[in-house]
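Colleague: Submitted below is the structure of interest, expressed as structure tokens.
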Amino acid sequence: MEKTPIHIDFIALKDNQEKGRLLGIIVPINDSKFLMLINMNGKRPESIDHDETMTLTKIE
């Protein structure tokens with residue numbers, strides 16, 4: 001499985017106007033597990049090595 005981080009942006013809108021943006025990365029671990037890290041400082045994380053990394057698990 002490809003380990004290159006996938007870029008993800010969460011965009012906050014109010015009245016169709018962008019109010020803010022959270023920049024993040026997602027790294028697939030296997031078919032059902034991903035690691036995600038989001039920064040609130042306007043800069044996209046460069047690597048997943050951080051204490052605040054979230055683990056996302058696919059549930060069937």
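Naming works like this for the structure tokens: A, B, ... for the chains as they're shown, residue 1 at the start of each chain, ligands 1 onward in shown order.
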As JSON, numbers by chain, please: the residues near A:Val27 (cut-off 8 Å, only C-alpha atoms, same-chain neighbours under 6 positions excluded).
Modeller: {"A": [3, 4, 5, 6, 34, 35, 36, 48]}
Colleague: Looking at only C-alpha atoms, which of A:Phe10, A:Ile26, A:Lys33, A:Met40 is the one that sits closest to A:Thr53?
Modeller: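 The shortest atom-to-atom distance to A:Thr53 comes from A:Ile26.
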Colleague: To one decimal place, how far is atom CA of A:Asp49 from atom CA of A:Ala12 in Å?
Modeller: 25.9 Å
Colleague: For a quick check of understanding, using only C-alpha atoms, which of A:Lys58, A:Arg44, A:His50, A:Ile8 has the smallest distance to A:Ile29?
Modeller: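 Ranked by minimum distance to A:Ile29, first place goes to A:Lys58.
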Colleague: Can you list, as an MDAnalysis selection string, every protein, DNA or RNA residue that comes within 12 Å of A:Gly20 when you count only C-alpha atoms, leaving out same-chain residues fewer than 3 positions away?
Modeller: chainID A and resid 9:14 16:17 23 39:42
Colleague: Please measure the separation of atom CA of A:Lys43 and atom CA of A:Asn30, giving the value in Å to one decimal.
Modeller: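 Atom CA of A:Asn30 lies at a distance of 26.4 Å from atom CA of A:Lys43.
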Colleague: Among chain A, which ones does DSSP place in strand (DSSP E or B), written as an NGL selection string?
Modeller: :A and (6-14 or 17-28 or 33-39 or 54-57)
